[in-house]
Structures are given as structure tokens and as C-alpha cells.
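Undergrad: Below is upload-v8.cif; it holds mmCIF, C-alpha atoms.
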```cif
data_final
loop_
_atom_site.label_atom_id
_atom_site.label_comp_id
_atom_site.auth_asym_id
_atom_site.auth_seq_id
_atom_site.Cartn_x
_atom_site.Cartn_y
_atom_site.Cartn_z
CA MET O 1 -21.42 -5.57 42.96
CA LEU O 2 -23.78 -8.10 41.34
CA ARG O 3 -26.52 -7.43 43.90
CA GLY O 4 -25.95 -3.70 43.52
CA LEU O 5 -26.32 -3.82 39.74
CA THR O 6 -29.43 -5.97 40.10
CA ILE O 7 -31.01 -3.40 42.42
CA LEU O 8 -30.25 -0.60 39.91
CA LEU O 9 -31.81 -2.67 37.10
CA ILE O 10 -34.90 -3.49 39.16
CA CYS O 11 -35.41 0.23 39.86
CA GLN O 12 -35.12 0.98 36.14
CA PHE O 13 -37.44 -1.91 35.32
CA ILE O 14 -40.16 -0.66 37.67
CA GLY O 15 -39.58 2.87 36.35
CA GLU O 16 -40.06 1.74 32.73
CA ILE O 17 -43.23 -0.18 33.59
CA LEU O 18 -44.69 2.83 35.42
CA ALA O 19 -43.68 5.28 32.67
CA ARG O 20 -45.06 3.17 29.85
CA GLY O 21 -48.04 1.75 31.70
CA LEU O 22 -49.27 5.15 32.87
CA GLU O 23 -48.03 6.94 29.71
CA LEU O 24 -46.08 9.44 31.80
CA PRO O 25 -43.92 12.01 30.00
CA ILE O 26 -41.01 11.04 32.30
CA PRO O 27 -38.44 8.47 31.10
CA GLY O 28 -38.27 5.17 32.98
CA PRO O 29 -34.67 5.55 34.23
CA VAL O 30 -35.51 8.95 35.77
CA LEU O 31 -38.44 7.36 37.62
CA GLY O 32 -36.08 4.56 38.63
CA MET O 33 -33.68 7.14 40.04
CA LEU O 34 -36.46 8.72 42.11
CA LEU O 35 -37.48 5.23 43.26
CA LEU O 36 -33.96 4.37 44.43
CA LEU O 37 -33.69 7.76 46.13
CA ALA O 38 -36.97 7.11 47.97
CA GLY O 39 -35.71 3.66 48.98
CA LEU O 40 -32.44 5.03 50.32
CA ALA O 41 -34.28 7.79 52.20
CA PHE O 42 -36.63 5.21 53.71
CA ARG O 43 -33.68 3.11 54.92
CA GLY O 44 -32.08 6.30 56.27
CA ARG O 45 -35.11 7.00 58.41
CA LYS O 46 -34.78 3.54 59.90
CA GLY O 47 -31.32 4.53 61.07
CA ARG O 48 -29.21 2.99 58.31
CA SER O 49 -27.88 6.23 56.89
CA GLN O 50 -25.31 4.69 54.51
CA PRO O 51 -26.53 3.15 51.23
CA PRO O 52 -25.90 -0.62 50.96
CA ALA O 53 -22.21 -1.15 50.13
CA ASP O 54 -22.87 -3.11 46.92
CA VAL O 55 -25.32 -0.51 45.59
CA LYS O 56 -22.69 2.13 46.28
CA THR O 57 -20.00 0.10 44.51
CA ALA O 58 -22.17 -0.53 41.44
CA ALA O 59 -23.33 3.11 41.27
CA GLU O 60 -19.83 4.52 41.63
CA GLY O 61 -18.51 2.09 39.03
CA LEU O 62 -21.12 3.17 36.47
CA LEU O 63 -20.86 6.88 37.26
CA SER O 64 -17.06 6.97 37.03
CA HIS O 65 -17.39 6.02 33.34
CA LEU O 66 -20.59 7.91 32.55
CA GLY O 67 -18.90 9.71 29.66
CA LEU O 68 -18.18 6.43 27.87
CA LEU O 69 -21.88 5.55 27.85
CA PHE O 70 -22.67 8.52 25.57
CA VAL O 71 -20.19 7.46 22.90
CA PRO O 72 -22.34 4.92 20.94
CA ALA O 73 -25.23 7.39 20.48
CA GLY O 74 -22.68 10.07 19.62
CA VAL O 75 -21.20 8.07 16.78
CA GLY O 76 -24.75 8.19 15.36
CA VAL O 77 -23.78 11.65 14.11
CA VAL O 78 -22.59 9.84 10.94
CA THR O 79 -26.22 9.09 10.02
CA GLU O 80 -27.16 12.80 10.08
CA LEU O 81 -24.19 14.33 8.27
CA ASP O 82 -26.34 15.54 5.32
CA VAL O 83 -28.80 17.55 7.45
CA LEU O 84 -25.98 18.87 9.60
CA GLY O 85 -23.95 19.89 6.55
CA GLU O 86 -26.87 21.80 5.01
CA ASN O 87 -27.68 23.62 8.24
CA TRP O 88 -24.31 23.80 9.94
CA LEU O 89 -24.41 27.54 10.61
CA ALA O 90 -27.91 27.54 12.11
CA VAL O 91 -27.16 24.43 14.18
CA THR O 92 -23.81 25.73 15.47
CA ALA O 93 -25.29 29.12 16.38
CA ALA O 94 -28.35 27.57 18.05
CA LEU O 95 -26.34 25.02 20.04
CA LEU O 96 -23.71 27.52 21.21
CA GLY O 97 -26.18 30.31 22.01
CA SER O 98 -28.73 28.14 23.79
CA THR O 99 -26.15 26.21 25.81
CA ILE O 100 -24.52 29.45 27.00
CA ALA O 101 -27.97 30.86 27.84
CA GLY O 102 -29.00 27.71 29.73
CA LEU O 103 -25.78 27.53 31.75
CA LEU O 104 -25.78 31.21 32.69
CA VAL O 105 -29.49 31.50 33.52
CA THR O 106 -29.57 28.34 35.68
CA GLY O 107 -26.33 29.16 37.49
CA PHE O 108 -27.27 32.80 38.04
CA VAL O 109 -30.79 32.11 39.40
CA MET O 110 -29.51 29.30 41.64
CA GLN O 111 -26.64 31.35 43.09
CA ARG O 112 -28.97 34.33 43.63
CA LEU O 113 -31.75 32.36 45.36
CA ALA O 114 -29.84 29.70 47.32
CA ARG O 115 -28.72 30.82 50.74
CA PRO O 116 -24.99 30.29 51.28
CA GLU O 117 -24.15 27.22 53.36
CA GLU O 118 -22.24 27.61 56.59
CA MET R 1 -7.47 -12.42 0.33
CA ARG R 2 -10.51 -14.65 0.48
CA HIS R 3 -9.54 -15.45 3.98
CA LEU R 4 -9.60 -11.78 4.90
CA PHE R 5 -13.01 -11.40 3.29
CA HIS R 6 -14.38 -14.22 5.43
CA LEU R 7 -12.88 -12.59 8.48
CA TRP R 8 -14.65 -9.31 7.61
CA VAL R 9 -17.96 -11.07 7.04
CA TYR R 10 -17.57 -12.65 10.45
CA LEU R 11 -16.76 -9.34 12.14
CA GLU R 12 -19.79 -7.68 10.54
CA THR R 13 -22.13 -10.16 12.16
CA THR R 14 -20.70 -10.18 15.67
CA PRO R 15 -21.06 -7.49 18.34
CA LEU R 16 -17.36 -7.96 19.11
CA LEU R 17 -16.17 -5.32 16.65
CA GLY R 18 -18.34 -2.40 17.80
CA LEU R 19 -17.92 -3.20 21.49
CA THR R 20 -14.15 -3.63 21.38
CA ALA R 21 -13.67 -0.54 19.21
CA THR R 22 -15.80 1.60 21.56
CA LEU R 23 -13.92 0.54 24.70
CA ALA R 24 -10.48 0.66 23.11
CA ILE R 25 -10.93 4.07 21.49
CA TYR R 26 -12.47 5.52 24.66
CA SER R 27 -9.54 4.21 26.74
CA LEU R 28 -7.17 5.80 24.25
CA ALA R 29 -9.09 9.11 24.38
CA ALA R 30 -9.11 9.03 28.19
CA ALA R 31 -5.34 8.45 28.23
CA ILE R 32 -4.81 11.41 25.88
CA ALA R 33 -7.06 13.60 28.07
CA ARG R 34 -5.03 12.58 31.14
CA ARG R 35 -1.79 13.44 29.28
CA LEU R 36 -3.23 16.89 28.50
CA ARG R 37 -4.20 17.26 32.18
CA PHE R 38 -7.95 17.30 31.48
CA HIS R 39 -7.84 20.52 29.47
CA PRO R 40 -11.51 21.45 28.76
CA LEU R 41 -10.95 21.10 25.00
CA ALA R 42 -9.36 17.65 25.37
CA ASN R 43 -12.71 16.07 26.19
CA PRO R 44 -12.40 12.25 26.09
CA VAL R 45 -16.02 11.77 24.97
CA LEU R 46 -15.61 14.21 22.09
CA MET R 47 -12.29 12.67 21.03
CA ALA R 48 -13.69 9.13 21.17
CA ILE R 49 -16.77 10.06 19.10
CA VAL R 50 -14.71 11.86 16.45
CA LEU R 51 -12.26 8.95 16.17
CA LEU R 52 -14.98 6.30 16.01
CA ALA R 53 -17.05 8.32 13.53
CA LEU R 54 -13.95 8.58 11.32
CA ILE R 55 -13.35 4.84 11.55
CA VAL R 56 -17.00 4.06 10.72
CA GLU R 57 -17.01 6.52 7.78
CA VAL R 58 -13.62 5.57 6.34
CA GLY R 59 -14.25 1.82 6.76
CA HIS R 60 -17.76 2.11 5.22
CA ILE R 61 -19.16 0.32 8.25
CA PRO R 62 -22.94 0.87 8.49
CA TYR R 63 -23.88 2.53 11.78
CA ALA R 64 -26.26 -0.36 12.49
CA VAL R 65 -23.32 -2.80 12.36
CA TYR R 66 -21.29 -0.63 14.74
CA PHE R 67 -24.25 -0.19 17.07
CA GLN R 68 -24.84 -3.94 17.24
CA GLY R 69 -21.81 -4.08 19.52
CA ALA R 70 -21.97 -0.59 20.98
CA GLN R 71 -25.54 -1.14 22.20
CA TYR R 72 -24.24 -2.96 25.29
CA VAL R 73 -22.46 0.22 26.36
CA HIS R 74 -25.44 2.37 25.32
CA PHE R 75 -27.77 0.21 27.41
CA LEU R 76 -25.88 1.05 30.59
CA LEU R 77 -27.12 4.68 30.34
CA GLY R 78 -30.34 3.46 31.99
CA PRO R 79 -28.85 1.92 35.16
CA ALA R 80 -26.32 4.79 35.28
CA THR R 81 -29.18 7.28 35.42
CA VAL R 82 -30.71 5.30 38.28
CA ALA R 83 -27.28 5.31 39.97
CA LEU R 84 -27.36 9.12 40.17
CA ALA R 85 -29.65 8.58 43.18
CA VAL R 86 -26.58 7.60 45.24
CA PRO R 87 -24.72 10.97 45.11
CA MET R 88 -28.13 12.68 45.37
CA TYR R 89 -28.90 10.78 48.56
CA ALA R 90 -25.49 11.69 50.01
CA ASN R 91 -26.44 15.35 49.48
CA LEU R 92 -30.13 15.06 50.35
CA ARG R 93 -29.91 17.42 53.31
CA ARG R 94 -28.28 20.14 51.21
CA ILE R 95 -30.73 19.63 48.34
CA HIS R 96 -33.59 19.92 50.83
CA ALA R 97 -32.09 23.12 52.27
CA ALA R 98 -31.91 24.71 48.80
CA ALA R 99 -35.21 23.31 47.51
CA ARG R 100 -36.84 26.71 47.06
CA ALA R 101 -34.03 27.91 44.79
CA ILE R 102 -33.71 24.72 42.74
CA LEU R 103 -37.09 24.67 40.99
CA PRO R 104 -37.05 28.31 39.75
CA ALA R 105 -33.43 27.90 38.62
CA ILE R 106 -34.12 24.76 36.58
CA LEU R 107 -37.36 26.15 35.17
CA ALA R 108 -35.62 29.36 34.06
CA GLY R 109 -32.66 27.47 32.60
CA SER R 110 -34.90 24.99 30.80
CA LEU R 111 -36.96 27.78 29.21
CA ALA R 112 -33.85 29.77 28.29
CA SER R 113 -32.28 26.75 26.52
CA ALA R 114 -35.33 25.66 24.54
CA VAL R 115 -36.55 29.14 23.57
CA SER R 116 -33.12 30.45 22.53
CA ALA R 117 -32.33 27.28 20.56
CA MET R 118 -35.54 27.53 18.54
CA LEU R 119 -35.33 31.30 17.97
CA ILE R 120 -31.67 31.27 16.92
CA ALA R 121 -32.26 28.37 14.52
CA ARG R 122 -35.20 30.25 13.00
CA ALA R 123 -33.18 33.44 12.69
CA PHE R 124 -30.72 31.44 10.57
CA ALA R 125 -33.62 30.14 8.46
CA ALA R 126 -33.27 26.50 9.54
CA PRO R 127 -36.08 24.22 8.28
CA ARG R 128 -38.94 23.42 10.64
CA LEU R 129 -37.69 19.85 11.17
CA VAL R 130 -34.35 21.10 12.48
CA VAL R 131 -36.00 23.74 14.72
CA LEU R 132 -38.31 21.13 16.26
CA SER R 133 -35.49 18.62 16.75
CA LEU R 134 -33.46 21.30 18.56
CA ALA R 135 -36.19 22.12 21.09
CA PRO R 136 -35.59 19.21 23.52
CA LYS R 137 -31.77 19.27 23.17
CA SER R 138 -30.90 19.89 26.84
CA VAL R 139 -32.46 16.73 28.27
CA THR R 140 -31.23 13.17 28.45
CA THR R 141 -31.27 11.25 25.14
CA PRO R 142 -34.28 8.92 25.55
CA ILE R 143 -36.64 11.66 26.70
CA ALA R 144 -35.38 14.09 24.02
CA MET R 145 -36.06 11.51 21.31
CA GLY R 146 -39.55 10.94 22.69
CA ILE R 147 -40.34 14.66 22.77
CA ALA R 148 -38.94 15.25 19.27
CA GLU R 149 -41.13 12.52 17.88
CA ALA R 150 -44.21 13.85 19.67
CA ILE R 151 -43.82 17.41 18.31
CA GLY R 152 -42.93 16.45 14.72
CA GLY R 153 -39.13 16.62 14.89
CA GLN R 154 -36.76 13.79 14.02
CA PRO R 155 -35.66 11.55 16.93
CA SER R 156 -32.24 10.60 15.51
CA LEU R 157 -31.44 14.24 14.80
CA ALA R 158 -32.57 15.17 18.32
CA ALA R 159 -30.19 12.54 19.74
CA VAL R 160 -27.28 14.15 17.86
CA PHE R 161 -28.27 17.62 19.12
CA VAL R 162 -28.49 16.29 22.68
CA LEU R 163 -24.98 14.94 22.40
CA LEU R 164 -23.55 18.11 20.82
CA THR R 165 -25.24 20.17 23.55
CA GLY R 166 -23.70 18.00 26.29
CA LEU R 167 -20.27 18.35 24.71
CA THR R 168 -20.64 22.11 24.29
CA ALA R 169 -21.72 22.45 27.93
CA SER R 170 -18.83 20.21 29.10
CA VAL R 171 -16.29 22.39 27.33
CA LEU R 172 -17.82 25.79 28.15
CA MET R 173 -19.26 25.42 31.64
CA LEU R 174 -16.23 25.97 33.87
CA PRO R 175 -14.67 28.95 32.03
CA LEU R 176 -18.09 30.52 31.35
CA LEU R 177 -19.41 30.20 34.90
CA ARG R 178 -16.11 31.38 36.34
CA TRP R 179 -16.31 34.42 34.05
CA ALA R 180 -19.88 35.09 35.29
CA ARG R 181 -18.61 34.79 38.91
CA ILE R 182 -20.81 31.79 39.61
CA SER R 183 -18.68 29.90 42.11
CA ASP R 184 -21.23 28.01 44.26
CA TRP R 185 -20.77 24.29 43.41
CA ARG R 186 -24.49 23.75 43.87
CA ALA R 187 -25.20 26.36 41.16
CA ILE R 188 -22.46 24.99 38.86
CA GLY R 189 -23.81 21.45 39.19
CA LEU R 190 -27.39 22.55 38.60
CA ALA R 191 -26.33 24.51 35.51
CA ALA R 192 -24.38 21.50 34.17
CA GLY R 193 -27.35 19.14 34.62
CA THR R 194 -29.94 21.59 33.25
CA ALA R 195 -27.99 22.84 30.22
CA GLY R 196 -25.82 19.78 29.55
CA HIS R 197 -27.69 16.73 30.99
CA GLY R 198 -25.71 13.60 31.99
CA LEU R 199 -22.71 14.34 29.82
CA ALA R 200 -21.83 17.65 31.49
CA THR R 201 -22.84 16.19 34.86
CA SER R 202 -20.40 13.30 34.42
CA GLN R 203 -17.59 15.80 33.82
CA ILE R 204 -18.52 18.02 36.78
CA LEU R 205 -18.84 14.98 39.05
CA LEU R 206 -15.08 14.48 38.60
CA ARG R 207 -14.51 17.93 40.15
CA SER R 208 -17.06 17.97 42.96
CA GLU R 209 -19.46 15.41 44.36
CA THR R 210 -21.78 18.21 45.46
CA ALA R 211 -21.96 19.54 41.90
CA GLY R 212 -22.59 15.98 40.66
CA ALA R 213 -25.50 15.51 43.07
CA PHE R 214 -27.15 18.79 42.05
CA GLY R 215 -26.49 17.89 38.41
CA GLY R 216 -28.25 14.54 38.85
CA LEU R 217 -31.24 16.28 40.38
CA ALA R 218 -31.29 18.78 37.50
CA ILE R 219 -31.26 16.00 34.86
CA GLY R 220 -34.39 14.45 36.37
CA LEU R 221 -36.31 17.67 37.02
CA ASN R 222 -35.33 19.27 33.72
CA GLY R 223 -36.42 16.12 31.89
CA ILE R 224 -39.87 16.39 33.46
CA ILE R 225 -40.18 20.17 32.96
CA THR R 226 -38.99 20.02 29.34
CA ALA R 227 -41.41 17.21 28.51
CA LEU R 228 -44.22 19.41 29.79
CA ILE R 229 -43.26 22.79 28.27
CA VAL R 230 -41.60 22.00 24.94
CA PRO R 231 -44.80 20.83 23.18
CA LEU R 232 -46.29 24.22 24.10
CA LEU R 233 -43.21 26.17 22.99
CA ALA R 234 -43.12 24.22 19.73
CA ARG R 235 -46.61 25.36 18.88
CA LEU R 236 -45.70 28.99 19.65
CA LEU R 237 -42.20 29.22 18.18
CA ALA R 238 -41.61 26.62 15.46
CA GLY R 239 -43.10 28.74 12.71
CA GLY R 240 -44.80 27.58 9.53
#
```
Step by step, read the file and then write its structure as C-alpha cells.
TA:
Amino acid sequence: MLRGLTILLICQFIGEILARGLELPIPGPVLGMLLLLAGLAFRGRKGRSQPPADVKTAAEGLLSHLGLLFVPAGVGVVTELDVLGENWLAVTAALLGSTIAGLLVTGFVMQRLARPEE
Amino acid sequence: MRHLFHLWVYLETTPLLGLTATLAIYSLAAAIARRLRFHPLANPVLMAIVLLALIVEVGHIPYAVYFQGAQYVHFLLGPATVALAVPMYANLRRIHAAARAILPAILAGSLASAVSAMLIARAFAAPRLVVLSLAPKSVTTPIAMGIAEAIGGQPSLAAVFVLLTGLTASVLMLPLLRWARISDWRAIGLAAGTAGHGLATSQILLRSETAGAFGGLAIGLNGIITALIVPLLARLLAGG
């Protein structure tokens, strides 16, 4: 678990350094994710197809409570209540409409283009 | 009474209050959601945020004081994003097999979200600052805040819109996609990640690991695509 968490943090660390150092428009953690994926794929090619057990444990532990991690930023809504109150109709309409559009368009294109799996 | 005042002063300076409150309220919300058998409207994240926001407002606790403790939970978003590589790797073969469908689907969904958000907000005469802060709303919080700042929106407002978008997607995705006869878990996961970032992905991951893996992929790719196209869209659509 400890080693697993350390590996996740190292990936994020390298991702942040690359993103900031090269001024990439991609956030560090996303680069870290790609880095870990590349690492796992590299190990897989060497015949070790399962991710290291402690990385798996740490990842599954974090992902099973992913919802919790959004709560602190969400409570930040209290700092924007004035703007939200003044524009509640526009914001509600825009959020509802655009989320529905995004879900439907992505799902529809993907289902249309992806060949069914056997 | 003086004693209580000292206690309050102590609590205001320690991260203990914000951290304990976040974990306790979220556990409570999760228990309620379980009791209601995970009904889409009984979203534990939404319930926890509403309860905590009420506590912070009613108790006149500055958000900065709350966040002093909550930041430890917030920080874990980074390693959790990295962790999405694990379900992605488990589904690498299937992602590879569908690669030619994935990019057009995310690109179309990304454009649809950003363009419709900005146009609807303008139709309702929202000020420019709100329109610009809405543009990056479907991507993960740190990148959305960065984009909002770069195009002249307000980062903290963008973070709120990101969260509200994730909650909306979490609640709507399953009934909406079922209604549209989209039943392929790969498509459902991709839609969750593209339109509702990590928040919707975390909810879909509970239903299907395949959907979670495609959602994780969508978060990353949509983040990159949005960072590239939103500055352009902002110039075209934000208005004067």
C-alpha cells in the first residue's frame, strides 16, 4: 500500500514537472496517469501482465472513494453564491443543456462507430 | 463561556475541524445513499456538499478555515487521477480495439458541451465572465481553472461549474443514455468521462469496470482537447 501510493505520487510528481517545465496545456496528474499506463504496458510486454499488487491496492483504495475527493472543492460553492444567485437561470439552463448534449453526443458517436465486441 | 470561546479559537486554527467534518458528513451521506439503494437523486457527493455548505454558512466559518482541513482530501485528487491508469490498463486491449471510435466521440462530445454551454448562457444574457467560466466546465477541476484563467473567466467560478456539471452528469447519465438506447458500457463510460469528468466516472465505475476504464481515458483526452479548443471557441462565442 505504502509503496503503491509512493509510485502514484512519483508519477504525479514527474507529470507536474513536465507540465510546468514545458508549459504544456495538460494537467500534471493526467500526464502522470499516462506515465503510469506506459509503465504498466512496458511491464506487460516483459510478460508481467498484472500490475504490481501494491499499486493495484493503492489505486483501488483511492478510486473506491473518488466521489469524496470532490467534496472540498464543491463546498467552495459558498464563495460564489452572489454570482450564482444573480445568474441562476442562465447557469442552470447552460449546465443542464450542455451536460445533456455532451452525454448524448459522446455516447451516440461512440456506440455508432465502435464495433460490437464478441 | 470563555472556555468555549477558547475551544472555538483552537478549532479555527487546526485542520482537524475541516478534515473531520468532511469525512464524517461524507460517511453519513454515503450511508443515506446506501439506505436509498443508490437512487440517482440520492447522490452522496451532492448530499455531502449541501450539508457541509449549510454548516459552513450557518456557522459563519470562512471557506478558507474549512479548506485548511479539507485540503488533505482535495490533494488526493491528483494521485487518484494517476490511479485511473490501473483500470485503463486492465482494459487496454479493448481500448486499443475501439481506438478509431474513441477520438471522434470525445472530440464531438467536448465541442457539444463547450459550445452549447456558452450559447445557452448567452441566450439567457449571462455576463461575459460567467460565459467564459462555463466554457471549460466538462474537464477535471485543475485544468478547468487553468483554462478559465487563460481566457479571462474566473477560476473559482469555473471550479463550481465543473462540480455542478459532474453532479448533473452523475444524476442524468443512466436514465438519459438508457432513454437514448445507448447500452454499450464503453459508450456510457466515455460519455460519463467526457461530459462529467472524474465525478461521473467515479459513479459509473461502481456499475462497470469497463465503463470506468473508458471514463478514465475520456477524462485525460477531453482535458487535452478542451485545453486546445476552448481558447478558440471563447474568441468566437463569448461575445462583447
Undergrad: Could you pull the residues within 10 Å of Leu134 in chain R, counting all atoms listed in the file, minus those fewer than 5 positions along the same chain, as a VMD selection string?
TA: (chain O and resid 91 94 to 95 98) or (chain R and resid 113 to 118 121 128 to 129 144 148 153 to 154 157 to 162 165)
Undergrad: Find the spatial neighbours of Ala29 in chain R, counting all atoms listed in the file, within a cut-off of 8 Å - ignore same-chain residues fewer than 2 positions away - and output them as a PDB file with C-alpha atoms, in the frame of the given file.
TA:
```pdb
ATOM      1  CA  ILE R  25     -10.930   4.070  21.490  1.00  0.00           C
ATOM      2  CA  TYR R  26     -12.470   5.520  24.660  1.00  0.00           C
ATOM      3  CA  SER R  27      -9.540   4.210  26.740  1.00  0.00           C
ATOM      4  CA  ALA R  31      -5.340   8.450  28.230  1.00  0.00           C
ATOM      5  CA  ILE R  32      -4.810  11.410  25.880  1.00  0.00           C
ATOM      6  CA  ALA R  33      -7.060  13.600  28.070  1.00  0.00           C
ATOM      7  CA  PRO R  44     -12.400  12.250  26.090  1.00  0.00           C
ATOM      8  CA  VAL R  45     -16.020  11.770  24.970  1.00  0.00           C
ATOM      9  CA  MET R  47     -12.290  12.670  21.030  1.00  0.00           C
ATOM     10  CA  ALA R  48     -13.690   9.130  21.170  1.00  0.00           C
TER      11      ALA R  48
END
```
Undergrad: Grab the CA of Leu167 in chain R to CA of Phe13 in chain O distance for me, in Å with one decimal place.
TA: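 Rounded to one decimal, the two atoms are 28.6 Å apart.
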Undergrad: Could you please determine the separation between CA of Ala126 in chain R and CA of Gly76 in chain O in Å, to one decimal place?
TA: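 The value is 21.0 Å.
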Undergrad: Would you give me, as CSV, each residue of chain O having an atom within 7 Å of an atom of chain R, along with its shortest atom pair and that distance in Å to one decimal, using all atoms listed in the file and sorting by chain and residue number?
TA:
```
residue,atom,partner,partner_atom,distance
O:Leu8,CA,R:Pro79,CA,5.6
O:Leu9,CA,R:Pro79,CA,5.8
O:Gln12,CA,R:Pro79,CA,6.4
O:Pro25,CA,R:Ala227,CA,6.0
O:Ile26,CA,R:Ile224,CA,5.6
O:Pro27,CA,R:Ile143,CA,5.7
O:Pro29,CA,R:Gly78,CA,5.3
O:Val30,CA,R:Gly220,CA,5.6
O:Gly32,CA,R:Val82,CA,5.4
O:Met33,CA,R:Val82,CA,3.9
O:Leu34,CA,R:Ala85,CA,6.9
O:Leu36,CA,R:Ala85,CA,6.2
O:Leu37,CA,R:Ala85,CA,5.1
O:Leu40,CA,R:Tyr89,CA,7.0
O:Lys56,CA,R:Val86,CA,6.8
O:Ala59,CA,R:Ala83,CA,4.7
O:Leu62,CA,R:Ala80,CA,5.6
O:Leu63,CA,R:Ala80,CA,6.2
O:Leu66,CA,R:Ser202,CA,5.7
O:Gly67,CA,R:Val45,CA,5.9
O:Leu68,CA,R:Val45,CA,6.4
O:Leu69,CA,R:His74,CA,5.4
O:Phe70,CA,R:His74,CA,6.7
O:Val71,CA,R:Ile49,CA,5.7
O:Pro72,CA,R:Ala70,CA,5.5
O:Ala73,CA,R:His74,CA,7.0
O:Gly74,CA,R:Ile49,CA,5.9
O:Val75,CA,R:Ala53,CA,5.3
O:Gly76,CA,R:Tyr63,CA,6.8
O:Val77,CA,R:Val160,CA,5.7
O:Val78,CA,R:Ala53,CA,6.3
O:Glu80,CA,R:Leu157,CA,6.5
O:Asn87,CA,R:Ala126,CA,6.4
O:Ala90,CA,R:Ala121,CA,5.0
O:Val91,CA,R:Ala121,CA,6.5
O:Ala93,CA,R:Ile120,CA,6.8
O:Ala94,CA,R:Ala117,CA,4.7
O:Leu95,CA,R:Thr165,CA,6.1
O:Leu96,CA,R:Thr168,CA,6.9
O:Gly97,CA,R:Ser116,CA,7.0
O:Ser98,CA,R:Ser113,CA,4.7
O:Thr99,CA,R:Ala195,CA,5.8
O:Ala101,CA,R:Ala112,CA,6.0
O:Gly102,CA,R:Gly109,CA,4.7
O:Leu103,CA,R:Ala191,CA,4.9
O:Leu104,CA,R:Leu177,CA,6.8
O:Val105,CA,R:Gly109,CA,5.2
O:Thr106,CA,R:Gly109,CA,4.4
O:Gly107,CA,R:Ala187,CA,4.8
O:Phe108,CA,R:Ile182,CA,6.7
O:Val109,CA,R:Ala105,CA,5.0
O:Met110,CA,R:Ala105,CA,5.1
O:Gln111,CA,R:Ala187,CA,5.5
O:Leu113,CA,R:Ala101,CA,5.0
O:Ala114,CA,R:Ala101,CA,5.2
```
Undergrad: Nearest to Arg235 in chain R: which of R:Leu132, R:Met145, R:Ala213, R:Ile204 is it, counting all atoms listed in the file?
TA: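 Ranked by minimum distance to Arg235 in chain R, first place goes to R:Leu132.
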Undergrad: Would you mind reading off the distance between CA of Pro175 in chain R and CA of Arg207 in chain R, one decimal, in Å?
TA: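 The value is 13.7 Å.
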Undergrad: Taking the file as shown, what set of residues would the PyMOL selection byres ((chain O and resi 1-7) around 7) give back, as an MDAnalysis selection string?
TA: chainID O and resid 8:11 54:55 57:58
Undergrad: Have range 81-99 of chain R completed to N, CA and C atoms, please, and pass it along as a PDB file, in the frame of the given file.
TA:
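And here's result-v7.pdb as it stands now:
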```pdb
ATOM      1  N   THR R  81     -28.273   6.210  35.006  1.00  0.00           N
ATOM      2  CA  THR R  81     -29.180   7.280  35.420  1.00  0.00           C
ATOM      3  C   THR R  81     -29.777   6.966  36.782  1.00  0.00           C
ATOM      4  N   VAL R  82     -30.191   5.713  36.974  1.00  0.00           N
ATOM      5  CA  VAL R  82     -30.710   5.300  38.280  1.00  0.00           C
ATOM      6  C   VAL R  82     -29.640   5.512  39.360  1.00  0.00           C
ATOM      7  N   ALA R  83     -28.378   5.217  39.005  1.00  0.00           N
ATOM      8  CA  ALA R  83     -27.280   5.310  39.970  1.00  0.00           C
ATOM      9  C   ALA R  83     -27.050   6.717  40.481  1.00  0.00           C
ATOM     10  N   LEU R  84     -27.526   7.730  39.723  1.00  0.00           N
ATOM     11  CA  LEU R  84     -27.360   9.120  40.170  1.00  0.00           C
ATOM     12  C   LEU R  84     -28.058   9.362  41.513  1.00  0.00           C
ATOM     13  N   ALA R  85     -28.969   8.447  41.886  1.00  0.00           N
ATOM     14  CA  ALA R  85     -29.650   8.580  43.180  1.00  0.00           C
ATOM     15  C   ALA R  85     -28.651   8.486  44.338  1.00  0.00           C
ATOM     16  N   VAL R  86     -27.528   7.798  44.138  1.00  0.00           N
ATOM     17  CA  VAL R  86     -26.580   7.600  45.240  1.00  0.00           C
ATOM     18  C   VAL R  86     -25.885   8.916  45.651  1.00  0.00           C
ATOM     19  N   PRO R  87     -25.243   9.658  44.693  1.00  0.00           N
ATOM     20  CA  PRO R  87     -24.720  10.970  45.110  1.00  0.00           C
ATOM     21  C   PRO R  87     -25.827  11.932  45.547  1.00  0.00           C
ATOM     22  N   MET R  88     -27.024  11.802  44.952  1.00  0.00           N
ATOM     23  CA  MET R  88     -28.130  12.680  45.370  1.00  0.00           C
ATOM     24  C   MET R  88     -28.499  12.421  46.826  1.00  0.00           C
ATOM     25  N   TYR R  89     -28.538  11.130  47.191  1.00  0.00           N
ATOM     26  CA  TYR R  89     -28.900  10.780  48.560  1.00  0.00           C
ATOM     27  C   TYR R  89     -27.854  11.302  49.544  1.00  0.00           C
ATOM     28  N   ALA R  90     -26.567  11.211  49.139  1.00  0.00           N
ATOM     29  CA  ALA R  90     -25.490  11.690  50.010  1.00  0.00           C
ATOM     30  C   ALA R  90     -25.610  13.193  50.269  1.00  0.00           C
ATOM     31  N   ASN R  91     -26.291  13.897  49.353  1.00  0.00           N
ATOM     32  CA  ASN R  91     -26.440  15.350  49.480  1.00  0.00           C
ATOM     33  C   ASN R  91     -27.884  15.766  49.750  1.00  0.00           C
ATOM     34  N   LEU R  92     -28.697  14.811  50.219  1.00  0.00           N
ATOM     35  CA  LEU R  92     -30.130  15.060  50.350  1.00  0.00           C
ATOM     36  C   LEU R  92     -30.436  16.251  51.261  1.00  0.00           C
ATOM     37  N   ARG R  93     -29.675  16.354  52.346  1.00  0.00           N
ATOM     38  CA  ARG R  93     -29.910  17.420  53.310  1.00  0.00           C
ATOM     39  C   ARG R  93     -29.676  18.801  52.651  1.00  0.00           C
ATOM     40  N   ARG R  94     -28.612  18.861  51.850  1.00  0.00           N
ATOM     41  CA  ARG R  94     -28.280  20.140  51.210  1.00  0.00           C
ATOM     42  C   ARG R  94     -29.262  20.463  50.100  1.00  0.00           C
ATOM     43  N   ILE R  95     -29.725  19.417  49.380  1.00  0.00           N
ATOM     44  CA  ILE R  95     -30.730  19.630  48.340  1.00  0.00           C
ATOM     45  C   ILE R  95     -32.013  20.150  48.978  1.00  0.00           C
ATOM     46  N   HIS R  96     -32.390  19.531  50.113  1.00  0.00           N
ATOM     47  CA  HIS R  96     -33.590  19.920  50.830  1.00  0.00           C
ATOM     48  C   HIS R  96     -33.498  21.382  51.272  1.00  0.00           C
ATOM     49  N   ALA R  97     -32.291  21.758  51.772  1.00  0.00           N
ATOM     50  CA  ALA R  97     -32.090  23.120  52.270  1.00  0.00           C
ATOM     51  C   ALA R  97     -32.204  24.153  51.152  1.00  0.00           C
ATOM     52  N   ALA R  98     -31.900  23.748  49.910  1.00  0.00           N
ATOM     53  CA  ALA R  98     -31.910  24.710  48.800  1.00  0.00           C
ATOM     54  C   ALA R  98     -33.124  24.498  47.888  1.00  0.00           C
ATOM     55  N   ALA R  99     -34.108  23.723  48.372  1.00  0.00           N
ATOM     56  CA  ALA R  99     -35.210  23.310  47.510  1.00  0.00           C
ATOM     57  C   ALA R  99     -35.920  24.488  46.844  1.00  0.00           C
TER      58      ALA R  99
END
```
